[in-house]
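*Asks:* Input: one structure, supplied below.
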Amino acid sequence: MMTMMLRVVLILVSAATMIMMIQKIRKAKLQIEDSIFWVLVSFMFVLFSLFPPVADFLAHLLGIYATVNFLFLLMIFLLLMRVFSMTIRMSQQETKLKELAQKLALYELEQRERGTRKEEGGCGEEEDE
């Protein structure tokens, strides 16, 4: 069973998280896709706070005797999943960054070679005249 204090803390923290996410989106400091996770988690905790029997039922369904332990376990699981998805995204971005750096290096090399050819070709044309 959730205590009244835990319910109040969950509602306040969830509301603060939602407000912070909305402000970050408005200031364009956070993409909407990234904030959806936090808004959904906050909304879930508000629901658990307003309707504690739902959290109690889920806790007992999973064999967890204390609802508070269920909430902690759920949050740890959600955060681990978030870190995993961020790791995948970061790995993809590192690969793209490496490919972009390689393409840029090849482009700069081509530009240098063209510049060298023009200088050499330009000197040769002057000598012919």
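Please note that chains go A, B, ... in the order of the structure tokens, that every chain numbers its residues from 1, and that ligands are numbered from 1 in the order shown.
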Which residues, written as a list in words, have at least one atom at most 12 Å from Leu62 of chain A, with only C-alpha atoms counted and residues fewer than 6 positions away on the same chain left out?
*Replies:* Ala55, Asp56, Asn69, Phe70, Leu71, Leu73 and Leu74 of chain A
*Asks:* Generate the output file for the selected residues, N, CA, C and O atoms, as a PDB file, in the first residue's frame.
*Replies:*
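The file below, result.pdb, is the result:
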ATOM      1  N   ALA A  55      -1.354   0.137  -8.923  1.00  0.00           N
ATOM      2  CA  ALA A  55       0.032  -0.208  -8.595  1.00  0.00           C
ATOM      3  C   ALA A  55       0.075  -1.407  -7.649  1.00  0.00           C
ATOM      4  O   ALA A  55       0.936  -2.283  -7.801  1.00  0.00           O
ATOM      5  N   ASP A  56      -0.848  -1.451  -6.689  1.00  0.00           N
ATOM      6  CA  ASP A  56      -0.898  -2.590  -5.768  1.00  0.00           C
ATOM      7  C   ASP A  56      -1.170  -3.890  -6.523  1.00  0.00           C
ATOM      8  O   ASP A  56      -0.517  -4.914  -6.279  1.00  0.00           O
ATOM      9  N   ASN A  69       8.394  -0.975  -3.539  1.00  0.00           N
ATOM     10  CA  ASN A  69       9.442  -1.745  -4.221  1.00  0.00           C
ATOM     11  C   ASN A  69       9.108  -1.937  -5.694  1.00  0.00           C
ATOM     12  O   ASN A  69       9.991  -1.890  -6.554  1.00  0.00           O
ATOM     13  N   PHE A  70       7.829  -2.157  -5.992  1.00  0.00           N
ATOM     14  CA  PHE A  70       7.400  -2.277  -7.384  1.00  0.00           C
ATOM     15  C   PHE A  70       7.684  -0.985  -8.149  1.00  0.00           C
ATOM     16  O   PHE A  70       8.196  -1.018  -9.266  1.00  0.00           O
ATOM     17  N   LEU A  71       7.374   0.149  -7.542  1.00  0.00           N
ATOM     18  CA  LEU A  71       7.610   1.433  -8.210  1.00  0.00           C
ATOM     19  C   LEU A  71       9.099   1.666  -8.455  1.00  0.00           C
ATOM     20  O   LEU A  71       9.492   2.129  -9.530  1.00  0.00           O
ATOM     21  N   LEU A  73      11.439  -0.686  -8.708  1.00  0.00           N
ATOM     22  CA  LEU A  73      11.850  -1.664  -9.713  1.00  0.00           C
ATOM     23  C   LEU A  73      11.404  -1.231 -11.110  1.00  0.00           C
ATOM     24  O   LEU A  73      12.170  -1.324 -12.076  1.00  0.00           O
ATOM     25  N   LEU A  74      10.175  -0.737 -11.221  1.00  0.00           N
ATOM     26  CA  LEU A  74       9.663  -0.265 -12.499  1.00  0.00           C
ATOM     27  C   LEU A  74      10.494   0.904 -13.018  1.00  0.00           C
ATOM     28  O   LEU A  74      10.869   0.937 -14.197  1.00  0.00           O
TER      29      LEU A  74
END
*Asks:* To one decimal place in Å, what is the distance between atom CA of Leu40 of chain A and atom CA of Thr17 of chain A?
*Replies:*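 Here the two named atoms are 10.3 Å from each other.
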*Asks:* Kindly indicate which residue among A:Ser85, A:Thr116, A:Ser91, A:Gln102 lies nearest to Phe37 of chain A, using only C-alpha atoms for the distances.
*Replies:*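 Using only C-alpha atoms, the shortest distance to Phe37 of chain A belongs to A:Ser85.
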*Asks:* Work out how far atom CA of Glu119 of chain A is from atom CA of Tyr107 of chain A, in Å to one decimal.
*Replies:*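 The value is 18.4 Å.
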*Asks:* Could you tell me which of A:Leu78, A:Met5, A:Ala59, A:Lys24 comes closest to Val41 of chain A if we count only C-alpha atoms?
*Replies:*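 Among A:Leu78, A:Met5, A:Ala59, A:Lys24, it is A:Leu78 that comes nearest to Val41 of chain A.
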*Asks:* What's around segment 50-54 of chain A at 9 Å? Count only C-alpha atoms, leave out sequence neighbours fewer than 4 positions away in its own chain, and write the answer as number ranges by chain.
*Replies:* A: 1-2, 7, 11, 45-46, 58-59, 67
*Asks:* With only C-alpha atoms as the counted atoms, please give the residues lying no more than 10 Å from Trp38 of chain A, apart from itself and same-chain residues fewer than 6 positions off, as number ranges by chain.
*Replies:* A: 14, 17-18, 20-21, 44, 82
*Asks:* How far is it from atom CA of Gly63 of chain A to atom CA of Thr3 of chain A, in Å with one decimal?
*Replies:*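 Distance reported for this atom pair: 19.6 Å.
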*Asks:* Could you please write out, as a PyMOL selection string, every residue of segment 20-68 of chain A that DSSP assigns to alpha helix (DSSP H)?
*Replies:* chain A and resi 20-26+32-50+52-61+67-68
*Asks:* Which is closer to Ser42 of chain A than all the others in A:Ala16, A:Ile25, A:Ala101, A:Met81, using only C-alpha atoms?
*Replies:*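 Between A:Ala16, A:Ile25, A:Ala101, A:Met81, the residue approaching Ser42 of chain A most closely is A:Ala16.
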